[in-house]
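Containing mmCIF, C-alpha atoms: my_file.cif.
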data_my_file
loop_
_atom_site.label_atom_id
_atom_site.label_comp_id
_atom_site.auth_asym_id
_atom_site.auth_seq_id
_atom_site.Cartn_x
_atom_site.Cartn_y
_atom_site.Cartn_z
CA MET A 1 3.69 29.63 53.55
CA PRO A 2 5.85 31.13 50.76
CA ARG A 3 6.83 28.82 47.91
CA SER A 4 10.44 27.81 47.51
CA GLY A 5 12.32 29.51 44.72
CA HIS A 6 13.55 26.11 43.60
CA PRO A 7 11.06 23.87 41.72
CA ARG A 8 10.68 20.35 42.99
CA ARG A 9 12.97 17.98 41.14
CA GLN A 10 11.12 15.55 38.85
CA ALA A 11 11.22 11.98 40.05
CA THR A 12 13.24 9.33 38.26
CA LEU A 13 12.74 5.60 38.21
CA ALA A 14 15.46 5.23 40.87
CA SER A 15 14.12 7.96 43.19
CA LEU A 16 10.57 6.66 42.88
CA ALA A 17 11.74 3.15 43.78
CA ALA A 18 13.61 4.50 46.80
CA GLU A 19 10.56 6.48 47.97
CA LEU A 20 8.30 3.44 47.72
CA LYS A 21 10.96 1.10 49.10
CA VAL A 22 10.69 -1.25 46.12
CA SER A 23 13.16 -2.29 43.45
CA ARG A 24 13.61 -0.38 40.22
CA THR A 25 12.43 -3.51 38.41
CA THR A 26 9.13 -3.27 40.27
CA VAL A 27 8.61 0.31 39.08
CA SER A 28 9.51 -0.69 35.53
CA ASN A 29 7.15 -3.67 35.64
CA ALA A 30 4.27 -1.41 36.63
CA TYR A 31 4.55 0.06 33.11
CA ASN A 32 5.99 -2.68 30.96
CA ARG A 33 4.95 -5.96 32.63
CA PRO A 34 1.89 -5.26 34.78
CA ASP A 35 1.06 -8.97 35.01
CA GLN A 36 4.11 -9.35 37.26
CA LEU A 37 2.60 -7.16 40.03
CA SER A 38 -0.50 -7.30 42.17
CA ALA A 39 -3.17 -4.76 41.31
CA GLU A 40 -2.63 -3.05 44.69
CA LEU A 41 1.13 -2.67 44.23
CA ARG A 42 0.83 -1.47 40.63
CA ASN A 43 -1.74 1.16 41.61
CA ARG A 44 0.51 2.35 44.43
CA VAL A 45 3.42 2.78 42.03
CA LEU A 46 1.34 4.58 39.39
CA GLU A 47 -0.28 6.91 41.93
CA ALA A 48 3.10 7.86 43.37
CA ALA A 49 4.46 8.40 39.84
CA LYS A 50 1.55 10.70 39.00
CA ARG A 51 1.98 12.66 42.23
CA ARG A 52 5.72 13.14 41.59
CA GLY A 53 5.33 13.86 37.85
CA TYR A 54 7.18 10.74 36.74
CA PRO A 55 6.20 10.03 33.08
CA GLY A 56 7.34 6.40 32.99
CA PRO A 57 10.48 4.63 31.69
CA ASP A 58 12.30 6.49 28.92
CA PRO A 59 11.36 4.72 25.67
CA VAL A 60 14.63 5.75 24.01
CA ALA A 61 16.69 4.36 26.87
CA ARG A 62 14.59 1.23 26.86
CA SER A 63 15.13 0.68 23.13
CA LEU A 64 18.89 1.13 23.56
CA ARG A 65 18.91 -1.39 26.38
CA THR A 66 16.72 -4.00 24.72
CA ARG A 67 17.77 -3.22 21.14
CA LYS A 68 14.07 -3.23 20.28
CA ALA A 69 12.23 -0.20 18.91
CA GLY A 70 8.75 -1.69 19.30
CA ALA A 71 7.70 -0.59 15.81
CA VAL A 72 7.35 -1.88 12.26
CA GLY A 73 8.45 0.28 9.34
CA LEU A 74 6.07 0.46 6.35
CA LEU A 75 7.88 1.41 3.14
CA LEU A 76 5.50 3.01 0.64
CA THR A 77 6.13 3.60 -3.03
CA GLU A 78 4.57 7.07 -3.07
CA ALA A 79 4.40 10.28 -1.04
CA LEU A 80 3.12 9.99 2.54
CA SER A 81 -0.30 11.44 1.67
CA TYR A 82 -0.84 8.47 -0.70
CA SER A 83 -1.47 6.11 2.22
CA PHE A 84 -4.32 8.34 3.44
CA ARG A 85 -5.80 9.18 0.02
CA ASP A 86 -5.60 6.00 -2.03
CA PRO A 87 -8.43 3.63 -0.98
CA ALA A 88 -6.53 0.38 -1.61
CA ALA A 89 -3.48 1.65 0.29
CA THR A 90 -5.70 2.88 3.13
CA SER A 91 -7.28 -0.57 3.47
CA PHE A 92 -3.86 -2.22 3.47
CA VAL A 93 -2.55 0.09 6.20
CA ALA A 94 -5.68 -0.58 8.27
CA GLY A 95 -5.09 -4.34 8.07
CA LEU A 96 -1.41 -4.01 8.91
CA SER A 97 -2.20 -1.70 11.83
CA GLU A 98 -4.60 -4.32 13.19
CA SER A 99 -1.86 -6.96 13.17
CA CYS A 100 0.59 -4.58 14.83
CA GLU A 101 -1.91 -3.70 17.56
CA GLU A 102 -2.43 -7.36 18.40
CA VAL A 103 1.24 -7.74 19.34
CA GLY A 104 1.76 -4.28 20.80
CA GLN A 105 3.84 -2.91 17.93
CA GLY A 106 3.81 0.62 16.57
CA LEU A 107 3.76 1.46 12.86
CA LEU A 108 6.13 3.96 11.23
CA LEU A 109 5.30 5.11 7.68
CA ILE A 110 8.32 5.62 5.42
CA PRO A 111 7.30 7.19 2.09
CA ALA A 112 9.50 6.23 -0.85
CA GLY A 113 8.17 8.73 -3.33
CA PRO A 114 10.12 9.66 -6.47
CA GLY A 115 12.64 12.48 -6.52
CA ARG A 116 15.17 11.50 -3.84
CA ASP A 117 18.61 10.12 -4.55
CA ASP A 118 20.35 7.12 -2.99
CA VAL A 119 22.01 9.13 -0.22
CA GLU A 120 18.76 10.77 0.90
CA ALA A 121 16.91 7.46 0.80
CA ALA A 122 19.59 5.71 2.85
CA ALA A 123 19.49 8.44 5.49
CA VAL A 124 15.71 8.20 5.88
CA VAL A 125 15.77 4.42 6.22
CA GLN A 126 18.78 4.29 8.52
CA GLN A 127 17.19 6.77 10.92
CA ALA A 128 13.96 4.78 11.17
CA GLY A 129 13.67 3.25 14.64
CA VAL A 130 12.04 -0.05 13.68
CA ASP A 131 12.56 -3.76 14.29
CA ALA A 132 11.29 -4.96 10.90
CA PHE A 133 9.97 -3.72 7.57
CA VAL A 134 6.89 -4.22 5.42
CA VAL A 135 7.56 -3.17 1.82
CA TYR A 136 4.34 -2.15 0.04
CA SER A 137 4.39 -2.29 -3.75
CA VAL A 138 7.85 -0.79 -4.37
CA ALA A 139 9.87 -0.99 -7.59
CA ASP A 140 12.74 -3.45 -7.46
CA ASP A 141 15.33 -0.74 -8.18
CA ASP A 142 14.03 1.77 -5.63
CA PRO A 143 16.86 3.33 -3.55
CA TYR A 144 14.76 3.08 -0.38
CA LEU A 145 14.44 -0.66 -0.90
CA ALA A 146 18.20 -0.96 -1.28
CA ALA A 147 18.63 0.87 2.03
CA VAL A 148 16.11 -1.44 3.73
CA LEU A 149 17.98 -4.52 2.50
CA GLU A 150 21.23 -3.14 3.95
CA ARG A 151 19.71 -3.11 7.44
CA ARG A 152 19.17 -6.89 7.32
CA LEU A 153 16.01 -6.82 9.42
CA PRO A 154 13.04 -9.18 9.04
CA MET A 155 11.01 -8.09 6.02
CA VAL A 156 7.73 -8.90 4.31
CA VAL A 157 6.93 -7.67 0.79
CA CYS A 158 3.40 -6.94 -0.36
CA ASP A 159 2.78 -7.21 -4.13
CA GLN A 160 6.20 -6.17 -5.41
CA PRO A 161 9.08 -6.77 -5.94
CA ARG A 162 8.59 -10.51 -6.20
CA GLU A 163 12.17 -11.78 -6.04
CA ILE A 164 13.88 -10.77 -2.81
CA GLU A 165 15.82 -13.64 -1.32
CA GLY A 166 14.84 -14.42 2.25
CA ALA A 167 11.81 -12.11 2.37
CA SER A 168 8.26 -13.32 2.85
CA LEU A 169 5.66 -12.24 0.29
CA VAL A 170 1.93 -11.63 0.35
CA GLY A 171 0.14 -10.76 -2.87
CA ILE A 172 -2.31 -11.84 -5.55
CA ASP A 173 -2.11 -13.29 -9.05
CA ASP A 174 -2.34 -9.94 -10.85
CA ARG A 175 -1.92 -11.44 -14.30
CA GLY A 176 -4.47 -14.19 -13.79
CA ALA A 177 -7.02 -11.86 -12.20
CA MET A 178 -6.78 -9.35 -15.03
CA ARG A 179 -6.89 -12.16 -17.59
CA GLU A 180 -10.23 -13.27 -16.11
CA LEU A 181 -11.63 -9.74 -16.32
CA ALA A 182 -10.34 -9.25 -19.88
CA ASP A 183 -11.80 -12.62 -20.91
CA HIS A 184 -15.17 -11.42 -19.65
CA LEU A 185 -14.92 -8.15 -21.56
CA LEU A 186 -13.67 -9.71 -24.81
CA GLY A 187 -16.34 -12.38 -24.43
CA LEU A 188 -18.93 -9.61 -24.68
CA GLY A 189 -17.58 -8.89 -28.17
CA HIS A 190 -15.05 -6.10 -27.63
CA THR A 191 -12.06 -6.21 -29.97
CA ARG A 192 -10.87 -2.59 -29.74
CA VAL A 193 -9.81 -1.93 -26.18
CA GLY A 194 -7.58 0.54 -24.38
CA VAL A 195 -5.74 0.17 -21.08
CA LEU A 196 -5.28 2.97 -18.54
CA CYS A 197 -2.42 2.17 -16.16
CA MET A 198 -0.37 3.68 -13.35
CA ARG A 199 3.22 4.73 -13.94
CA LEU A 200 5.56 2.11 -15.34
CA GLY A 201 8.84 3.74 -14.31
CA HIS A 202 10.35 6.19 -11.84
CA ASP A 203 10.16 9.07 -14.28
CA ALA A 204 6.81 10.83 -14.57
CA ARG A 205 5.13 10.20 -17.92
CA ASP A 206 1.61 10.89 -19.09
CA GLY A 207 0.66 9.46 -22.43
CA ARG A 208 0.86 6.41 -24.62
CA ALA A 209 3.29 3.72 -23.46
CA ASP A 210 5.37 2.31 -26.30
CA ALA A 211 6.60 -1.29 -26.54
CA GLU A 212 9.86 -0.50 -24.74
CA ARG A 213 8.03 1.19 -21.87
CA LEU A 214 5.70 -1.79 -21.53
CA GLN A 215 8.71 -4.03 -20.93
CA SER A 216 9.79 -1.99 -17.90
CA PRO A 217 11.06 -4.61 -15.45
CA HIS A 218 10.65 -2.55 -12.30
CA PHE A 219 6.90 -2.31 -11.65
CA HIS A 220 5.69 -5.90 -11.53
CA VAL A 221 2.02 -5.22 -10.70
CA GLN A 222 1.25 -2.88 -13.61
CA ARG A 223 3.25 -4.97 -16.05
CA GLU A 224 1.46 -8.17 -15.03
CA ARG A 225 -2.01 -6.62 -15.24
CA ILE A 226 -1.31 -5.37 -18.76
CA ALA A 227 0.08 -8.81 -19.65
CA GLY A 228 -3.20 -10.36 -18.46
CA VAL A 229 -5.06 -8.28 -21.05
CA GLN A 230 -2.56 -9.28 -23.73
CA ASP A 231 -2.99 -12.96 -22.84
CA ALA A 232 -6.76 -12.66 -23.29
CA MET A 233 -6.28 -10.98 -26.68
CA LEU A 234 -3.92 -13.69 -27.89
CA ALA A 235 -6.39 -16.36 -26.82
CA ILE A 236 -9.00 -15.09 -29.31
CA GLY A 237 -6.57 -14.25 -32.09
CA LEU A 238 -6.13 -10.52 -31.52
CA ASP A 239 -2.72 -8.89 -31.87
CA PRO A 240 -1.54 -7.55 -28.46
CA ALA A 241 0.64 -5.04 -30.31
CA GLU A 242 -2.56 -3.21 -31.29
CA LEU A 243 -3.46 -2.62 -27.63
CA THR A 244 -3.50 1.09 -26.76
CA VAL A 245 -1.93 1.61 -23.32
CA VAL A 246 -1.94 5.06 -21.74
CA GLU A 247 0.12 5.71 -18.61
CA SER A 248 -0.59 8.18 -15.81
CA SER A 249 2.16 9.53 -13.56
CA ALA A 250 -0.36 10.37 -10.82
CA HIS A 251 -2.94 8.05 -9.34
CA THR A 252 -6.06 10.16 -8.99
CA VAL A 253 -9.55 10.39 -10.44
CA ALA A 254 -8.43 13.48 -12.36
CA SER A 255 -5.54 11.56 -13.95
CA GLY A 256 -7.95 8.79 -14.97
CA HIS A 257 -10.17 11.42 -16.61
CA ALA A 258 -7.19 12.80 -18.53
CA ALA A 259 -5.94 9.34 -19.52
CA ALA A 260 -9.35 8.35 -20.88
CA GLU A 261 -9.44 11.51 -22.96
CA ARG A 262 -5.96 10.80 -24.35
CA THR A 263 -6.85 7.19 -25.14
CA LEU A 264 -9.94 8.03 -27.18
CA ALA A 265 -8.05 10.81 -28.94
CA ILE A 266 -5.48 8.21 -30.03
CA ASN A 267 -8.14 5.71 -31.15
CA PRO A 268 -11.76 6.97 -31.28
CA ASP A 269 -12.98 3.48 -32.24
CA ILE A 270 -12.12 1.99 -28.83
CA THR A 271 -15.23 0.44 -27.26
CA ALA A 272 -13.82 -0.53 -23.85
CA LEU A 273 -11.38 0.95 -21.35
CA ILE A 274 -9.66 -1.55 -19.07
CA CYS A 275 -8.19 0.32 -16.10
CA THR A 276 -5.55 -1.25 -13.88
CA THR A 277 -7.07 0.42 -10.80
CA ASP A 278 -10.53 1.48 -9.69
CA VAL A 279 -9.34 5.06 -9.13
CA LEU A 280 -8.41 5.38 -12.80
CA ALA A 281 -11.71 3.75 -13.79
CA LEU A 282 -13.69 6.25 -11.72
CA GLY A 283 -11.86 8.98 -13.62
CA ALA A 284 -12.66 7.32 -16.95
CA ARG A 285 -16.36 7.24 -16.03
CA GLU A 286 -16.18 10.89 -15.08
CA PHE A 287 -14.71 11.65 -18.50
CA ALA A 288 -17.48 9.68 -20.21
CA ARG A 289 -20.14 11.69 -18.36
CA TRP A 290 -18.37 14.92 -19.31
CA ARG A 291 -18.33 13.89 -22.99
CA GLY A 292 -21.92 12.63 -22.93
CA ILE A 293 -20.81 9.04 -23.62
CA ASP A 294 -23.10 6.47 -22.06
CA VAL A 295 -21.48 3.74 -19.97
CA PRO A 296 -21.85 0.89 -20.79
CA SER A 297 -23.97 1.09 -23.98
CA GLU A 298 -21.44 3.30 -25.80
CA LEU A 299 -18.28 2.61 -23.78
CA SER A 300 -17.48 -0.16 -21.32
CA VAL A 301 -15.22 0.72 -18.37
CA THR A 302 -13.63 -1.74 -15.93
CA GLY A 303 -11.39 -1.31 -12.91
CA PHE A 304 -9.28 -3.34 -10.52
CA ASP A 305 -9.10 -3.42 -6.69
CA GLY A 306 -12.72 -3.46 -5.53
CA VAL A 307 -12.55 -0.27 -3.46
CA PRO A 308 -15.79 0.76 -1.69
CA GLU A 309 -16.69 3.65 -4.02
CA ALA A 310 -16.23 1.47 -7.10
CA LEU A 311 -18.40 -1.31 -5.71
CA ALA A 312 -21.05 1.15 -4.53
CA THR A 313 -21.36 2.62 -8.02
CA GLY A 314 -21.59 -0.75 -9.79
CA LEU A 315 -18.17 -0.76 -11.48
CA THR A 316 -17.16 -3.99 -13.18
CA THR A 317 -13.89 -4.78 -11.46
CA VAL A 318 -11.67 -7.29 -9.69
CA ARG A 319 -11.97 -7.28 -5.93
CA GLN A 320 -8.74 -8.00 -4.10
CA PRO A 321 -8.49 -8.41 -0.31
CA ALA A 322 -6.44 -5.26 0.41
CA GLU A 323 -7.15 -5.19 4.15
CA GLU A 324 -6.45 -8.90 4.47
CA LYS A 325 -3.16 -8.33 2.68
CA GLY A 326 -2.19 -5.97 5.47
CA ARG A 327 -3.24 -8.41 8.18
CA ARG A 328 -1.38 -11.28 6.54
CA ALA A 329 1.75 -9.15 6.02
CA GLY A 330 1.78 -8.39 9.75
CA ALA A 331 1.25 -12.05 10.66
CA LEU A 332 4.00 -13.21 8.29
CA LEU A 333 6.36 -10.62 9.70
CA LEU A 334 5.76 -11.82 13.26
CA ARG A 335 6.30 -15.41 12.21
CA GLU A 336 9.47 -14.58 10.26
CA SER A 337 10.85 -12.52 13.16
CA LYS A 338 10.48 -15.54 15.46
CA SER A 339 11.39 -18.41 13.15
CA GLY A 340 13.63 -16.81 10.55
CA GLU A 341 11.71 -18.72 7.86
CA SER A 342 10.19 -16.92 4.88
CA SER A 343 7.02 -17.90 3.04
CA VAL A 344 4.76 -16.84 0.15
CA GLU A 345 1.00 -16.30 0.37
CA ILE A 346 -1.06 -15.60 -2.77
CA LEU A 347 -4.56 -14.47 -1.81
CA ALA A 348 -7.70 -15.06 -3.88
CA THR A 349 -9.44 -12.37 -5.94
CA GLU A 350 -13.01 -12.12 -7.24
CA LEU A 351 -14.37 -10.87 -10.55
CA ILE A 352 -17.24 -8.46 -9.89
CA ARG A 353 -19.59 -8.25 -12.87
CA GLY A 354 -21.00 -4.79 -12.27
CA HIS A 355 -23.01 -2.51 -14.53
CA THR A 356 -20.25 -0.86 -16.56
CA ALA A 357 -19.53 -3.54 -19.16
CA ALA A 358 -21.85 -4.52 -21.99
CA PRO A 359 -21.58 -5.73 -25.62
CA PRO A 360 -20.16 -3.05 -27.93
CA ARG A 361 -22.39 -0.98 -30.12
CA THR A 362 -21.14 -0.39 -33.66
CA TRP A 363 -20.62 3.33 -34.13
CA HIS A 364 -17.91 5.89 -34.74
CA ARG A 365 -17.30 8.26 -31.89
CA GLY A 366 -15.30 10.84 -33.81
CA PRO A 367 -12.21 12.71 -32.57
CA ALA A 368 -12.15 13.98 -28.98
CA GLU A 369 -13.01 17.62 -28.68
#
Take the structure in the file and give it back as structure tokens.
Amino acid sequence: MPRSGHPRRQATLASLAAELKVSRTTVSNAYNRPDQLSAELRNRVLEAAKRRGYPGPDPVARSLRTRKAGAVGLLLTEALSYSFRDPAATSFVAGLSESCEEVGQGLLLIPAGPGRDDVEAAAVVQQAGVDAFVVYSVADDDPYLAAVLERRLPMVVCDQPREIEGASLVGIDDRGAMRELADHLLGLGHTRVGVLCMRLGHDARDGRADAERLQSPHFHVQRERIAGVQDAMLAIGLDPAELTVVESSAHTVASGHAAAERTLAINPDITALICTTDVLALGAREFARWRGIDVPSELSVTGFDGVPEALATGLTTVRQPAEEKGRRAGALLLRESKSGESSVEILATELIRGHTAAPPRTWHRGPAE
């Protein structure tokens, strides 16, 4: 029998309901509320839909009707690739994804990397089809954050910024955790230390951070971790103004290598490098190997985060519960969406005394080559 020159028209929800002699609600429930149908009826609907090429209810139409997108927006402070490359960010996203899965929510990543103006940022955020936002470690003056606030959706902040009225917060005591690590290092006898940190402002800078740069109000986490080191210095009578702080615009092992080289070029007598992240610390250790400097007998190196590679290689660091942060952010968001009440959760950290910190040896390293 010759085929018709006219292709069979694809079924719609209405035509499928008419064919099966059921209501359109029944067809919709087969996809969206299967508990409302018997197994036999649901199978009959799905088999007929497959035979007729019906893909299921239109998710766009459904979101317009219910005013629900079924997704959470995750606002990141860096480029999109950061969430897949940075180990702490990866763990956070994994924890948040777990919470979203438990309640049947999708997750939309919204990178807030530097370089876009207010208009571009607003357009990206306004076009995001989400019901709520999780803000992950974003500067308080970021244009993407301003656009998120304008949408007036439920929001949970992780780490920073700390003072957003009505938003729940999940984080750690960055200053206290770094103070504990610095106390340990200074207790070993170190008095000449350097700090390697992530960027302190929106503009990209690589090099020594002066006093004005250290007072940058916009990146709470880095500022507080540096302040923790300064608190430890004050406690034993050292002048925090003598602390050498070197900033990296990128957050990679290579940038940690370069920052360590800059720091020892500025002050060759430094006996310990306190890094505000494990990634930077791994780069500092790489630099030490390249220069033939033994860690820890000739140079102590510490990190912060407790990422798997750092722990596996014995880095002295602070372990923070990055994945649990993500899970708690998702749980807080669900609770806030239902109750409208915001809350603050500060999670515990742990000092890991690895194999990269030891008492200083008195010697002069000489200028970096």
Requested in this report: Counting only C-alpha atoms, find the residues whose atoms lie at most 8 Å from (10.8, -1.7, 16.7) (file coordinates) and write them out as a list in words.
Outcome: Lys68, Ala69, Gly70, Ala71, Val72, Gly73, Gln105, Gly106, Gly129, Val130, Asp131 and Ala132 of chain A
Report task. Report as a PyMOL selection string the residues that result from applying the PyMOL selection byres ((chain A and resi 221) around 12) to the structure here. Result -> chain A and resi 136-140+158-162+171-178+197-201+214+216-220+222-228+276-277+304-305
Residues just named, written with C-alpha atoms as a PDB file, keeping the file's coordinate frame:
ATOM      1  CA  TYR A 136       4.340  -2.150   0.040  1.00  0.00           C
ATOM      2  CA  SER A 137       4.390  -2.290  -3.750  1.00  0.00           C
ATOM      3  CA  VAL A 138       7.850  -0.790  -4.370  1.00  0.00           C
ATOM      4  CA  ALA A 139       9.870  -0.990  -7.590  1.00  0.00           C
ATOM      5  CA  ASP A 140      12.740  -3.450  -7.460  1.00  0.00           C
ATOM      6  CA  CYS A 158       3.400  -6.940  -0.360  1.00  0.00           C
ATOM      7  CA  ASP A 159       2.780  -7.210  -4.130  1.00  0.00           C
ATOM      8  CA  GLN A 160       6.200  -6.170  -5.410  1.00  0.00           C
ATOM      9  CA  PRO A 161       9.080  -6.770  -5.940  1.00  0.00           C
ATOM     10  CA  ARG A 162       8.590 -10.510  -6.200  1.00  0.00           C
ATOM     11  CA  GLY A 171       0.140 -10.760  -2.870  1.00  0.00           C
ATOM     12  CA  ILE A 172      -2.310 -11.840  -5.550  1.00  0.00           C
ATOM     13  CA  ASP A 173      -2.110 -13.290  -9.050  1.00  0.00           C
ATOM     14  CA  ASP A 174      -2.340  -9.940 -10.850  1.00  0.00           C
ATOM     15  CA  ARG A 175      -1.920 -11.440 -14.300  1.00  0.00           C
ATOM     16  CA  GLY A 176      -4.470 -14.190 -13.790  1.00  0.00           C
ATOM     17  CA  ALA A 177      -7.020 -11.860 -12.200  1.00  0.00           C
ATOM     18  CA  MET A 178      -6.780  -9.350 -15.030  1.00  0.00           C
ATOM     19  CA  CYS A 197      -2.420   2.170 -16.160  1.00  0.00           C
ATOM     20  CA  MET A 198      -0.370   3.680 -13.350  1.00  0.00           C
ATOM     21  CA  ARG A 199       3.220   4.730 -13.940  1.00  0.00           C
ATOM     22  CA  LEU A 200       5.560   2.110 -15.340  1.00  0.00           C
ATOM     23  CA  GLY A 201       8.840   3.740 -14.310  1.00  0.00           C
ATOM     24  CA  LEU A 214       5.700  -1.790 -21.530  1.00  0.00           C
ATOM     25  CA  SER A 216       9.790  -1.990 -17.900  1.00  0.00           C
ATOM     26  CA  PRO A 217      11.060  -4.610 -15.450  1.00  0.00           C
ATOM     27  CA  HIS A 218      10.650  -2.550 -12.300  1.00  0.00           C
ATOM     28  CA  PHE A 219       6.900  -2.310 -11.650  1.00  0.00           C
ATOM     29  CA  HIS A 220       5.690  -5.900 -11.530  1.00  0.00           C
ATOM     30  CA  GLN A 222       1.250  -2.880 -13.610  1.00  0.00           C
ATOM     31  CA  ARG A 223       3.250  -4.970 -16.050  1.00  0.00           C
ATOM     32  CA  GLU A 224       1.460  -8.170 -15.030  1.00  0.00           C
ATOM     33  CA  ARG A 225      -2.010  -6.620 -15.240  1.00  0.00           C
ATOM     34  CA  ILE A 226      -1.310  -5.370 -18.760  1.00  0.00           C
ATOM     35  CA  ALA A 227       0.080  -8.810 -19.650  1.00  0.00           C
ATOM     36  CA  GLY A 228      -3.200 -10.360 -18.460  1.00  0.00           C
ATOM     37  CA  THR A 276      -5.550  -1.250 -13.880  1.00  0.00           C
ATOM     38  CA  THR A 277      -7.070   0.420 -10.800  1.00  0.00           C
ATOM     39  CA  PHE A 304      -9.280  -3.340 -10.520  1.00  0.00           C
ATOM     40  CA  ASP A 305      -9.100  -3.420  -6.690  1.00  0.00           C
TER      41      ASP A 305
END
Query - Nearby residues (only C-alpha atoms) at most 9 Å from Val193 of chain A, same-chain spacing under 2 positions excluded, as a PyMOL selection string - result: chain A and resi 186+190-191+195+242-244+269-274
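For the pair atom CA of Ala331 of chain A and atom CA of Leu75 of chain A, the separation is 16.8 Å.
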Requested in this report: To one decimal in Å, tell me the separation between atom CA of Glu247 of chain A and atom CA of Val135 of chain A.
Outcome: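 Spanning atom CA of Glu247 of chain A to atom CA of Val135 of chain A is a straight-line distance of 23.5 Å.
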Report summary line: As a check of understanding: the span from atom CA of Gln127 of chain A to atom CA of Leu334 of chain A is 21.9 Å
Report task. Tell me which residues the PyMOL selection byres ((chain A and resi 260) around 8) grabs here, as a list in words. Result ->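 Applying the expression gives Leu196, Gly256, His257, Ala258, Ala259, Glu261, Arg262, Thr263, Leu264, Leu273, Gly283, Ala284 and Phe287 of chain A.
Within 10 Å of Asp278 of chain A, once all atoms listed in the file are used and residues closer than 2 positions along the same chain are dropped, the contacting residues are Pro87, Ala88, Thr252, Val253, Gly256, Ile274, Cys275, Thr276, Leu280, Ala281, Leu282, Gly283, Ala284, Val301, Thr302, Gly303, Phe304, Asp305, Gly306, Val307, Pro308, Glu309, Ala310, Leu311, Leu315, Thr316, Thr317, Val318 and Arg319 of chain A.
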Give me a file of those residues, with C-alpha atoms, as a PDB file, keeping the file's coordinate frame.
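This went into again_27.pdb:
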ATOM      1  CA  PRO A  87      -8.430   3.630  -0.980  1.00  0.00           C
ATOM      2  CA  ALA A  88      -6.530   0.380  -1.610  1.00  0.00           C
ATOM      3  CA  THR A 252      -6.060  10.160  -8.990  1.00  0.00           C
ATOM      4  CA  VAL A 253      -9.550  10.390 -10.440  1.00  0.00           C
ATOM      5  CA  GLY A 256      -7.950   8.790 -14.970  1.00  0.00           C
ATOM      6  CA  ILE A 274      -9.660  -1.550 -19.070  1.00  0.00           C
ATOM      7  CA  CYS A 275      -8.190   0.320 -16.100  1.00  0.00           C
ATOM      8  CA  THR A 276      -5.550  -1.250 -13.880  1.00  0.00           C
ATOM      9  CA  LEU A 280      -8.410   5.380 -12.800  1.00  0.00           C
ATOM     10  CA  ALA A 281     -11.710   3.750 -13.790  1.00  0.00           C
ATOM     11  CA  LEU A 282     -13.690   6.250 -11.720  1.00  0.00           C
ATOM     12  CA  GLY A 283     -11.860   8.980 -13.620  1.00  0.00           C
ATOM     13  CA  ALA A 284     -12.660   7.320 -16.950  1.00  0.00           C
ATOM     14  CA  VAL A 301     -15.220   0.720 -18.370  1.00  0.00           C
ATOM     15  CA  THR A 302     -13.630  -1.740 -15.930  1.00  0.00           C
ATOM     16  CA  GLY A 303     -11.390  -1.310 -12.910  1.00  0.00           C
ATOM     17  CA  PHE A 304      -9.280  -3.340 -10.520  1.00  0.00           C
ATOM     18  CA  ASP A 305      -9.100  -3.420  -6.690  1.00  0.00           C
ATOM     19  CA  GLY A 306     -12.720  -3.460  -5.530  1.00  0.00           C
ATOM     20  CA  VAL A 307     -12.550  -0.270  -3.460  1.00  0.00           C
ATOM     21  CA  PRO A 308     -15.790   0.760  -1.690  1.00  0.00           C
ATOM     22  CA  GLU A 309     -16.690   3.650  -4.020  1.00  0.00           C
ATOM     23  CA  ALA A 310     -16.230   1.470  -7.100  1.00  0.00           C
ATOM     24  CA  LEU A 311     -18.400  -1.310  -5.710  1.00  0.00           C
ATOM     25  CA  LEU A 315     -18.170  -0.760 -11.480  1.00  0.00           C
ATOM     26  CA  THR A 316     -17.160  -3.990 -13.180  1.00  0.00           C
ATOM     27  CA  THR A 317     -13.890  -4.780 -11.460  1.00  0.00           C
ATOM     28  CA  VAL A 318     -11.670  -7.290  -9.690  1.00  0.00           C
ATOM     29  CA  ARG A 319     -11.970  -7.280  -5.930  1.00  0.00           C
TER      30      ARG A 319
END
